[in-house]
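> Below is the file target-v7.txt, with compact mmCIF, C-alpha atoms and all ligand atoms.
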# COMPACT_ATOMS: atom_id res chain seq x y z
CA MET A 1 -17.67 -42.11 68.45
CA MET A 2 -19.21 -42.17 64.98
CA LYS A 3 -19.32 -38.87 63.16
CA PRO A 4 -22.83 -37.72 62.22
CA LEU A 5 -23.55 -39.11 58.77
CA LEU A 6 -23.68 -35.79 56.93
CA LEU A 7 -20.43 -34.59 58.47
CA ALA A 8 -18.72 -37.84 57.58
CA ALA A 9 -19.98 -37.54 54.02
CA GLY A 10 -18.13 -34.29 53.48
CA LEU A 11 -21.14 -32.11 54.16
CA ALA A 12 -19.87 -30.11 57.14
CA LEU A 13 -22.42 -27.52 58.33
CA ALA A 14 -24.07 -27.64 54.97
CA ALA A 15 -27.13 -29.69 55.83
CA THR A 16 -29.58 -26.83 55.73
CA THR A 17 -32.38 -25.97 53.38
CA ALA A 18 -31.10 -23.36 50.97
CA PRO A 19 -33.10 -20.14 50.72
CA ALA A 20 -35.19 -20.01 47.56
CA MET A 21 -32.86 -18.27 45.13
CA ALA A 22 -34.81 -18.29 41.94
CA GLN A 23 -33.82 -16.23 38.93
CA THR A 24 -30.07 -16.70 39.08
CA LEU A 25 -30.25 -16.04 35.34
CA ASP A 26 -31.62 -12.52 35.94
CA THR A 27 -29.01 -11.81 38.59
CA VAL A 28 -26.20 -12.90 36.27
CA LYS A 29 -27.58 -10.86 33.37
CA GLN A 30 -28.00 -7.74 35.52
CA ARG A 31 -24.53 -8.14 37.01
CA GLY A 32 -23.09 -8.73 33.55
CA GLN A 33 -20.83 -11.40 35.01
CA LEU A 34 -21.02 -15.03 36.07
CA ILE A 35 -19.56 -15.94 39.46
CA CYS A 36 -18.28 -19.48 39.21
CA GLY A 37 -17.16 -21.54 42.21
CA VAL A 38 -14.08 -23.61 41.33
CA SER A 39 -11.34 -25.34 43.31
CA THR A 40 -8.44 -23.32 44.66
CA GLY A 41 -5.97 -25.08 42.41
CA PHE A 42 -6.08 -28.44 40.73
CA PRO A 43 -4.05 -29.01 37.53
CA GLY A 44 -6.24 -29.94 34.57
CA PHE A 45 -9.49 -28.79 36.21
CA SER A 46 -8.97 -25.29 37.60
CA MET A 47 -5.52 -23.86 38.04
CA PRO A 48 -4.23 -20.32 37.50
CA ASP A 49 -1.36 -20.31 34.94
CA SER A 50 1.78 -18.14 35.22
CA GLN A 51 -0.26 -15.12 34.07
CA GLY A 52 -2.92 -15.79 36.71
CA VAL A 53 -5.42 -17.01 34.08
CA TYR A 54 -7.47 -19.99 35.26
CA ARG A 55 -7.03 -23.07 33.04
CA GLY A 56 -8.91 -26.35 33.24
CA LEU A 57 -11.95 -28.44 32.41
CA ASP A 58 -14.03 -26.91 35.20
CA THR A 59 -12.99 -23.35 34.36
CA ASP A 60 -13.75 -23.98 30.66
CA TYR A 61 -17.26 -25.02 31.71
CA CYS A 62 -17.54 -21.66 33.55
CA ARG A 63 -16.39 -19.83 30.39
CA ALA A 64 -18.82 -21.81 28.24
CA LEU A 65 -21.65 -20.87 30.63
CA ALA A 66 -20.67 -17.18 30.53
CA ALA A 67 -20.59 -17.34 26.72
CA ALA A 68 -23.99 -19.07 26.61
CA VAL A 69 -25.66 -16.68 29.04
CA LEU A 70 -23.87 -13.37 28.41
CA GLY A 71 -22.44 -13.90 24.92
CA ASP A 72 -18.93 -13.33 26.29
CA ALA A 73 -16.70 -16.05 27.73
CA THR A 74 -14.52 -13.49 29.54
CA LYS A 75 -17.38 -12.27 31.72
CA VAL A 76 -16.72 -14.69 34.54
CA ARG A 77 -15.20 -14.29 37.96
CA PHE A 78 -13.66 -17.41 39.46
CA VAL A 79 -13.99 -17.97 43.20
CA GLY A 80 -11.62 -20.60 44.58
CA LEU A 81 -13.40 -22.83 47.11
CA THR A 82 -12.07 -25.57 49.34
CA ALA A 83 -13.60 -29.01 49.75
CA GLN A 84 -14.96 -27.81 53.10
CA ASN A 85 -16.63 -24.50 52.15
CA ARG A 86 -17.80 -25.19 48.58
CA PHE A 87 -21.42 -26.20 49.27
CA THR A 88 -22.00 -23.42 51.82
CA ALA A 89 -20.72 -20.87 49.29
CA LEU A 90 -23.29 -22.07 46.77
CA GLN A 91 -26.13 -22.21 49.31
CA SER A 92 -25.47 -18.69 50.53
CA GLY A 93 -25.46 -17.25 47.00
CA GLU A 94 -21.75 -16.30 47.06
CA VAL A 95 -21.41 -18.16 43.74
CA ASP A 96 -23.96 -18.75 40.96
CA VAL A 97 -22.85 -22.30 40.23
CA LEU A 98 -20.29 -24.82 41.47
CA MET A 99 -17.95 -26.23 38.81
CA ARG A 100 -15.54 -27.85 41.21
CA ASN A 101 -14.70 -31.52 40.81
CA SER A 102 -17.50 -32.38 43.20
CA THR A 103 -18.74 -35.93 43.43
CA GLN A 104 -22.46 -36.49 43.10
CA THR A 105 -23.88 -38.65 45.87
CA PHE A 106 -27.28 -39.46 47.32
CA LEU A 107 -26.68 -37.38 50.46
CA ARG A 108 -25.40 -34.38 48.55
CA ASP A 109 -28.48 -34.53 46.35
CA ALA A 110 -31.07 -35.19 49.01
CA SER A 111 -29.85 -33.27 52.04
CA ILE A 112 -28.28 -29.90 51.32
CA GLY A 113 -30.75 -28.02 49.15
CA LEU A 114 -28.70 -28.42 46.01
CA GLN A 115 -29.34 -29.73 42.54
CA MET A 116 -26.84 -31.93 40.67
CA GLY A 117 -26.19 -31.36 36.98
CA PRO A 118 -25.13 -34.08 34.55
CA VAL A 119 -21.81 -35.83 35.17
CA ASN A 120 -19.06 -34.08 33.17
CA PHE A 121 -16.19 -36.26 34.39
CA HIS A 122 -16.42 -39.87 35.52
CA ASP A 123 -13.69 -40.42 38.08
CA GLY A 124 -12.82 -42.93 40.79
CA GLN A 125 -10.97 -42.81 44.10
CA GLY A 126 -7.36 -43.80 43.53
CA PHE A 127 -4.06 -44.12 45.35
CA ALA A 128 -0.63 -42.62 44.70
CA VAL A 129 2.35 -44.46 46.15
CA LYS A 130 6.09 -44.17 46.07
CA ARG A 131 7.36 -46.22 43.15
CA GLU A 132 10.11 -47.82 45.28
CA LEU A 133 7.48 -49.55 47.43
CA GLY A 134 6.67 -51.78 44.45
CA VAL A 135 2.96 -51.75 45.30
CA SER A 136 0.51 -52.42 42.47
CA LYS A 137 -2.75 -53.26 44.30
CA VAL A 138 -4.72 -51.52 47.03
CA ALA A 139 -4.75 -54.71 49.15
CA GLU A 140 -0.96 -54.49 49.38
CA LEU A 141 -1.44 -51.24 51.33
CA ASP A 142 -2.73 -53.22 54.37
CA GLY A 143 -1.30 -51.54 57.48
CA ALA A 144 -0.07 -48.50 55.52
CA THR A 145 -0.38 -44.86 56.50
CA ILE A 146 -2.66 -43.11 54.00
CA CYS A 147 -2.91 -39.34 53.58
CA VAL A 148 -6.54 -38.26 53.01
CA ALA A 149 -8.25 -34.83 52.80
CA GLN A 150 -11.12 -33.73 55.03
CA GLY A 151 -14.49 -32.70 53.64
CA THR A 152 -14.15 -35.08 50.69
CA THR A 153 -15.96 -38.26 49.81
CA HIS A 154 -12.65 -40.09 50.23
CA GLU A 155 -12.54 -40.07 54.02
CA VAL A 156 -15.69 -42.20 54.21
CA THR A 157 -14.89 -44.44 51.25
CA LEU A 158 -11.43 -45.29 52.60
CA GLY A 159 -13.01 -46.55 55.84
CA ASP A 160 -15.74 -48.43 53.94
CA HIS A 161 -13.18 -50.16 51.73
CA ALA A 162 -11.06 -51.22 54.71
CA ARG A 163 -14.08 -52.72 56.51
CA ALA A 164 -15.40 -54.45 53.42
CA HIS A 165 -12.05 -56.05 52.58
CA GLY A 166 -10.68 -56.75 56.07
CA LEU A 167 -7.83 -54.27 55.60
CA LYS A 168 -6.34 -51.88 58.15
CA PHE A 169 -5.33 -48.46 56.93
CA GLN A 170 -3.90 -45.77 59.15
CA PRO A 171 -5.48 -42.58 57.81
CA VAL A 172 -3.59 -39.31 58.27
CA VAL A 173 -6.25 -36.65 57.79
CA PHE A 174 -5.46 -33.19 56.38
CA GLU A 175 -7.69 -30.16 56.40
CA ARG A 176 -6.69 -29.19 52.87
CA PRO A 177 -5.58 -31.21 49.82
CA ASP A 178 -2.62 -28.87 49.13
CA THR A 179 -1.11 -29.47 52.58
CA MET A 180 -1.81 -33.17 52.09
CA TYR A 181 0.15 -33.18 48.81
CA GLN A 182 3.09 -31.39 50.43
CA ALA A 183 3.09 -33.84 53.31
CA PHE A 184 2.87 -36.86 51.04
CA PHE A 185 5.71 -35.68 48.78
CA ALA A 186 7.75 -34.98 51.93
CA GLY A 187 7.31 -38.65 52.88
CA ARG A 188 4.66 -38.34 55.63
CA CYS A 189 2.50 -41.27 54.37
CA ASP A 190 3.05 -44.50 52.44
CA ALA A 191 0.19 -43.59 50.08
CA MET A 192 -2.31 -40.83 49.48
CA THR A 193 -5.86 -41.12 48.25
CA GLN A 194 -7.97 -38.70 46.16
CA ASP A 195 -9.87 -38.69 42.87
CA ALA A 196 -7.56 -40.48 40.41
CA SER A 197 -7.55 -37.37 38.19
CA ALA A 198 -6.46 -35.21 41.13
CA LEU A 199 -3.65 -37.65 41.91
CA ALA A 200 -2.45 -37.53 38.29
CA GLY A 201 -2.50 -33.72 38.57
CA ALA A 202 -0.64 -33.67 41.89
CA VAL A 203 2.02 -36.12 40.72
CA SER A 204 2.52 -34.12 37.49
CA VAL A 205 3.67 -31.13 39.55
CA ALA A 206 5.51 -33.12 42.25
CA PRO A 207 9.21 -32.38 42.87
CA ASN A 208 10.13 -35.76 41.26
CA PRO A 209 7.08 -37.05 39.36
CA GLN A 210 8.89 -40.23 38.25
CA ASP A 211 9.27 -41.32 41.90
CA TYR A 212 5.49 -41.87 42.23
CA VAL A 213 2.88 -44.05 40.65
CA VAL A 214 -0.90 -43.74 40.60
CA LEU A 215 -2.34 -47.26 40.95
CA ALA A 216 -4.63 -48.37 38.12
CA GLU A 217 -7.11 -49.74 40.70
CA THR A 218 -9.82 -47.42 42.03
CA ILE A 219 -12.14 -48.15 44.97
CA SER A 220 -15.18 -46.02 44.15
CA LYS A 221 -17.24 -44.23 41.55
CA GLU A 222 -16.69 -40.47 41.71
CA PRO A 223 -19.13 -38.95 39.24
CA LEU A 224 -18.10 -35.27 39.09
CA GLY A 225 -20.44 -32.58 37.88
CA PRO A 226 -21.87 -29.11 38.46
CA PHE A 227 -24.12 -28.17 41.38
CA THR A 228 -26.79 -25.43 41.47
CA ARG A 229 -29.31 -24.38 44.12
CA ASN A 230 -32.70 -26.04 44.47
CA GLY A 231 -35.70 -23.93 43.57
CA ASP A 232 -34.28 -22.38 40.40
CA ALA A 233 -35.30 -24.82 37.70
CA GLN A 234 -34.49 -22.47 34.83
CA TRP A 235 -30.88 -21.96 35.92
CA SER A 236 -30.38 -25.66 36.69
CA LYS A 237 -31.71 -26.54 33.24
CA ILE A 238 -29.32 -24.07 31.59
CA VAL A 239 -26.35 -25.61 33.40
CA ALA A 240 -27.52 -29.13 32.53
CA TRP A 241 -28.24 -28.40 28.86
CA LEU A 242 -24.94 -26.63 28.45
CA HIS A 243 -23.24 -29.96 29.20
CA HIS A 244 -25.55 -31.89 26.87
CA GLY A 245 -24.89 -29.26 24.21
CA LEU A 246 -21.12 -29.61 24.51
CA VAL A 247 -21.42 -33.39 24.17
CA GLU A 248 -23.98 -33.11 21.34
CA ALA A 249 -21.52 -30.81 19.54
CA GLU A 250 -18.83 -33.48 19.79
CA GLU A 251 -21.25 -36.17 18.57
CA ALA A 252 -22.21 -33.99 15.59
CA GLY A 253 -18.61 -33.04 14.73
CA ILE A 254 -19.13 -29.37 15.61
CA THR A 255 -15.84 -27.86 16.75
CA GLN A 256 -14.52 -24.50 17.92
CA ALA A 257 -13.02 -24.03 14.44
CA ASN A 258 -16.03 -25.05 12.30
CA ALA A 259 -19.01 -23.98 14.45
CA GLU A 260 -19.60 -20.75 12.52
CA GLU A 261 -19.62 -22.66 9.19
CA GLN A 262 -21.98 -25.32 10.57
CA VAL A 263 -24.54 -22.61 11.35
CA LYS A 264 -25.07 -22.32 7.60
CA GLY A 265 -24.81 -26.07 6.95
CA ALA A 266 -27.60 -28.53 6.21
CA ASN A 267 -27.29 -30.74 9.33
CA PRO A 268 -30.58 -30.36 11.29
CA VAL A 269 -28.90 -31.28 14.61
CA ALA A 270 -26.31 -28.54 14.11
CA GLN A 271 -29.01 -26.09 13.07
CA ARG A 272 -31.01 -26.64 16.26
CA LEU A 273 -27.94 -26.68 18.50
CA LEU A 274 -26.41 -23.55 17.01
CA GLY A 275 -29.60 -21.50 16.82
CA THR A 276 -30.44 -21.56 13.11
CA SER A 277 -33.74 -23.34 13.75
CA GLY A 278 -36.01 -24.37 16.61
CA GLU A 279 -35.53 -21.37 18.93
CA PHE A 280 -33.92 -23.60 21.55
CA GLY A 281 -32.04 -20.85 23.40
CA SER A 282 -35.07 -18.66 23.98
CA ARG A 283 -36.89 -21.57 25.62
CA LEU A 284 -34.28 -21.34 28.37
CA GLY A 285 -34.34 -17.53 28.50
CA LEU A 286 -31.18 -17.24 26.39
CA ASP A 287 -30.09 -16.01 22.99
CA ASN A 288 -30.68 -18.70 20.35
CA ARG A 289 -26.94 -18.64 19.58
CA TRP A 290 -26.10 -19.68 23.17
CA MET A 291 -24.45 -22.97 22.20
CA LEU A 292 -22.74 -21.41 19.19
CA ASN A 293 -21.17 -18.89 21.56
CA ALA A 294 -20.19 -21.61 24.02
CA VAL A 295 -18.57 -23.88 21.41
CA LYS A 296 -16.78 -20.94 19.75
CA ALA A 297 -15.36 -20.00 23.14
CA VAL A 298 -14.08 -23.37 24.40
CA GLY A 299 -14.86 -26.07 21.82
CA ASN A 300 -16.98 -29.20 22.22
CA TYR A 301 -16.67 -31.66 25.13
CA GLY A 302 -13.92 -33.66 23.43
CA GLU A 303 -11.90 -30.53 22.73
CA ILE A 304 -12.29 -29.35 26.33
CA PHE A 305 -11.20 -32.80 27.56
CA GLU A 306 -8.13 -33.08 25.30
CA ARG A 307 -6.91 -29.54 25.97
CA ASN A 308 -7.10 -29.79 29.73
CA VAL A 309 -6.76 -33.37 30.87
CA GLY A 310 -6.13 -35.42 27.71
CA LYS A 311 -3.14 -35.91 25.44
CA SER A 312 -2.49 -32.21 24.84
CA GLY A 313 -2.88 -31.33 28.52
CA GLN A 314 -0.75 -31.98 31.55
CA LEU A 315 -2.50 -35.09 32.87
CA LYS A 316 -2.47 -37.22 29.67
CA LEU A 317 -5.63 -39.08 30.72
CA GLU A 318 -7.36 -41.47 28.34
CA ARG A 319 -10.98 -40.72 27.45
CA GLY A 320 -12.03 -44.07 29.02
CA LEU A 321 -15.45 -43.70 30.67
CA ASN A 322 -15.47 -40.07 29.52
CA GLY A 323 -15.49 -41.08 25.87
CA LEU A 324 -18.63 -40.78 23.78
CA TRP A 325 -21.19 -43.58 24.25
CA SER A 326 -20.75 -44.43 20.56
CA LYS A 327 -17.07 -45.16 21.27
CA GLY A 328 -17.50 -47.22 24.42
CA GLY A 329 -17.69 -44.37 26.94
CA LEU A 330 -20.48 -42.95 29.08
CA MET A 331 -20.83 -39.48 27.55
CA TYR A 332 -24.31 -39.40 26.03
CA ALA A 333 -26.11 -36.17 25.18
CA ILE A 334 -29.85 -35.97 25.67
CA PRO A 335 -31.05 -35.09 22.16
CA PHE A 336 -31.76 -31.52 21.08
CA ARG A 337 -35.22 -31.98 19.67
N1 LIG A 401 -14.48 -35.39 44.36
C1 LIG A 401 -14.22 -35.34 45.77
C2 LIG A 401 -12.91 -34.61 46.09
C3 LIG A 401 -12.91 -33.17 45.74
C4 LIG A 401 -11.60 -32.45 46.13
O1 LIG A 401 -11.53 -31.77 47.13
N2 LIG A 401 -10.56 -32.56 45.32
C5 LIG A 401 -9.29 -31.91 45.52
C6 LIG A 401 -8.43 -32.48 44.45
S1 LIG A 401 -6.91 -31.76 44.27
C7 LIG A 401 -9.36 -30.41 45.34
O2 LIG A 401 -10.20 -29.93 44.64
N3 LIG A 401 -8.42 -29.67 45.89
C8 LIG A 401 -8.25 -28.26 45.68
C9 LIG A 401 -8.96 -27.42 46.69
O3 LIG A 401 -9.34 -27.90 47.78
O4 LIG A 401 -9.19 -26.24 46.38
C10 LIG A 401 -15.38 -34.70 46.49
O5 LIG A 401 -16.27 -34.14 45.84
O6 LIG A 401 -15.42 -34.75 47.73
For this file, produce the structure as structure tokens.
Ligand SMILES: N[C@@H](CCC(=O)N[C@@H](CS)C(=O)NCC(=O)O)C(=O)O

Amino acid sequence: MMKPLLLAAGLALAATTAPAMAQTLDTVKQRGQLICGVSTGFPGFSMPDSQGVYRGLDTDYCRALAAAVLGDATKVRFVGLTAQNRFTALQSGEVDVLMRNSTQTFLRDASIGLQMGPVNFHDGQGFAVKRELGVSKVAELDGATICVAQGTTHEVTLGDHARAHGLKFQPVVFERPDTMYQAFFAGRCDAMTQDASALAGAVSVAPNPQDYVVLAETISKEPLGPFTRNGDAQWSKIVAWLHHGLVEAEEAGITQANAEEQVKGANPVAQRLLGTSGEFGSRLGLDNRWMLNAVKAVGNYGEIFERNVGKSGQLKLERGLNGLWSKGGLMYAIPFR
């Protein structure tokens, strides 16, 4: 029997209308802390280090938001959410925002009372395979057992790809990605499928990383970005403009190290972004130095990318689609004017 569409799209039990939860900004200010929904552990995006401090692109976005809203990047509590419970946690108000490698799709936008922010990581669904299989293309996985995690976009896309290309996969479905990784590295499936970035992260911490390869081919677009609740336009705009601000900072050459100097500089873009002119912060209910605080805390988009998932991070990913539009990528800040 076919699964109901919403369930199959990774939207288990979440297809309700969210209660109107306006004024998240006031709640966060009164609480003096941001509650940020992140994944339970995903190298490069949100992963506690040996000291228990969360590191990653998603967790840096949480810190940037805390700095922008509260003037202090440390005033954030991270709540680890699974693929299955993430949207319900946001709907119910358990978290203020979701920064959790979540793919934006039509159904997630239209059906669960949530608002999608701008894409902060362009990903695609990939495959990891044992190197000894000598596989280099997805079509060569015809007939293979494929580990896949429940509650993700990947369950549906794997089936779609098989039908569209006349392939037969034997999916082995896991409730959680971490148990899927363990099973795959223990030899349970010929391949496993996830966001390509997640596969790079999983392989980087595998018992023998050199025994596995992540195929270059991807079978979907997985535009990842923040989610907020419907009915709170001010908060959704803050989350959206934070991203544009981090990209605008990169475009304008404003870095963690030079942001304070640029406040006094002559560049009009930097002046508006950093609060010297234009009163941009107060239009969103924030201090005019909101983006200055955010960039001083975690750097611009490029710095966040490099530290967590780029050359200086564990995953060593190329900027690719996540490069600036002026360098052939898709990162394009809506102008601050
Ligand atoms: N982008 C996909 C997949 C998201 C996903 O669940 N990714 C895994 C990658 S490792 C994850 O976050 N696992 C950690 C967890 O479930 O806490 C989606 O939105 O459905």
> What does the distance between CA of Gly41 in chain A and CA of Arg188 in chain A come to in Å, to one decimal place?
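If I compute the distance from CA of Gly41 in chain A to CA of Arg188 in chain A, I get 21.5 Å.
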> Just checking: using all atoms listed in the file, which residue out of A:Lys29, A:His244, A:Arg272, A:Lys137 ends up closest to Ala191 in chain A?
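With all atoms listed in the file as the atom set, the closest residue is A:Lys137.
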> Could you check which of A:Ala252, A:Arg319, A:Ile334, A:Gln30 is closest to Pro268 in chain A, using all atoms listed in the file?
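Checking each candidate against Pro268 in chain A, we get A:Ala252 as the closest.
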> Counting only C-alpha atoms, what are the residues of range 130-224 of chain A within 9 Å of range 82-94 of chain A, and for each of them which pair of atoms is the nearest and at what distance in Å, to one decimal? Sort the table by chain and rising number, as a Markdown table.

| residue | atom | partner | partner_atom | distance |
| --- | --- | --- | --- | --- |
| A:Ala149 | CA | A:Ala83 | CA | 8.5 |
| A:Gln150 | CA | A:Gln84 | CA | 7.3 |
| A:Gly151 | CA | A:Gln84 | CA | 4.9 |
| A:Thr152 | CA | A:Ala83 | CA | 6.2 |
| A:Glu175 | CA | A:Gln84 | CA | 8.3 |
| A:Arg176 | CA | A:Thr82 | CA | 7.4 |
| A:Pro177 | CA | A:Ala83 | CA | 8.3 |
> Report, in Å to a single decimal, how far apart CA of Cys147 in chain A and CA of Gly126 in chain A are.
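Pair CA of Gly126 in chain A / CA of Cys147 in chain A returns 11.9 Å.
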> Pick the closest to Asp195 in chain A from A:Asp142, A:Asp123, A:Asp211, A:Glu217: which is it, counting all atoms listed in the file?
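For Asp195 in chain A, the nearest of the candidates is A:Asp123.
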> Compare A:Val38, A:Asn120, A:Leu98, A:Ala110 by their minimum atom-to-atom distance to Leu81 in chain A, counting only C-alpha atoms, and give me the closest one.
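Residue with the minimum atom-to-atom distance to Leu81 in chain A: A:Val38.
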> Could you pull the residues within 12 Å of His165 in chain A, counting only C-alpha atoms, minus those fewer than 3 positions along the same chain, as a PDB file with C-alpha atoms, in the coordinates of the input?

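New file selection02.pdb:
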ATOM      1  CA  VAL A 138      -4.720 -51.520  47.030  1.00  0.00           C
ATOM      2  CA  ALA A 139      -4.750 -54.710  49.150  1.00  0.00           C
ATOM      3  CA  GLU A 140      -0.960 -54.490  49.380  1.00  0.00           C
ATOM      4  CA  LEU A 141      -1.440 -51.240  51.330  1.00  0.00           C
ATOM      5  CA  ASP A 142      -2.730 -53.220  54.370  1.00  0.00           C
ATOM      6  CA  LEU A 158     -11.430 -45.290  52.600  1.00  0.00           C
ATOM      7  CA  GLY A 159     -13.010 -46.550  55.840  1.00  0.00           C
ATOM      8  CA  ASP A 160     -15.740 -48.430  53.940  1.00  0.00           C
ATOM      9  CA  HIS A 161     -13.180 -50.160  51.730  1.00  0.00           C
ATOM     10  CA  ALA A 162     -11.060 -51.220  54.710  1.00  0.00           C
ATOM     11  CA  LYS A 168      -6.340 -51.880  58.150  1.00  0.00           C
ATOM     12  CA  PHE A 169      -5.330 -48.460  56.930  1.00  0.00           C
ATOM     13  CA  ILE A 219     -12.140 -48.150  44.970  1.00  0.00           C
TER      14      ILE A 219
END
> Produce as number ranges by chain the set of residues near ligand LIG 401 (chain A), where near means within 10 Å with all atoms listed in the file considered.
A: 9-11, 38-47, 80-86, 100-105, 108, 123-125, 149-156, 175-181, 193-202, 221-225
> List the neighbours of Ser282 in chain A out to 12 Å using all atoms listed in the file; skip same-chain residues closer than 6 positions along the sequence, and give me the result as a ChimeraX atom specification.
/A:68-69,234,238,272,275,288-291
> Determine, counting only C-alpha atoms, which protein, DNA and RNA residues have an atom within 10 Å of an atom of Cys189 in chain A; residues of the same chain fewer than 6 positions away are not included. Present the result as a PyMOL selection string.
chain A and resi 129-130+144-148+170-172+180+183
> Would you mind telling me which residue in A:Val76, A:Leu57, A:Leu70, A:Leu34 lies nearest to Arg307 in chain A when using all atoms listed in the file?
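When distances to Arg307 in chain A are compared using all atoms listed in the file, the smallest one comes from A:Leu57.
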> Using all atoms listed in the file, find the one residue out of A:Gln33, A:Ser50, A:Thr27, A:Asn208 that sits nearest to Arg63 in chain A.
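Smallest separation from Arg63 in chain A among the options: A:Gln33.
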> To one decimal place, how far is CA of Asp287 in chain A from CA of Gly117 in chain A in Å?
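About the pair CA of Asp287 in chain A and CA of Gly117 in chain A: they are 21.1 Å apart.
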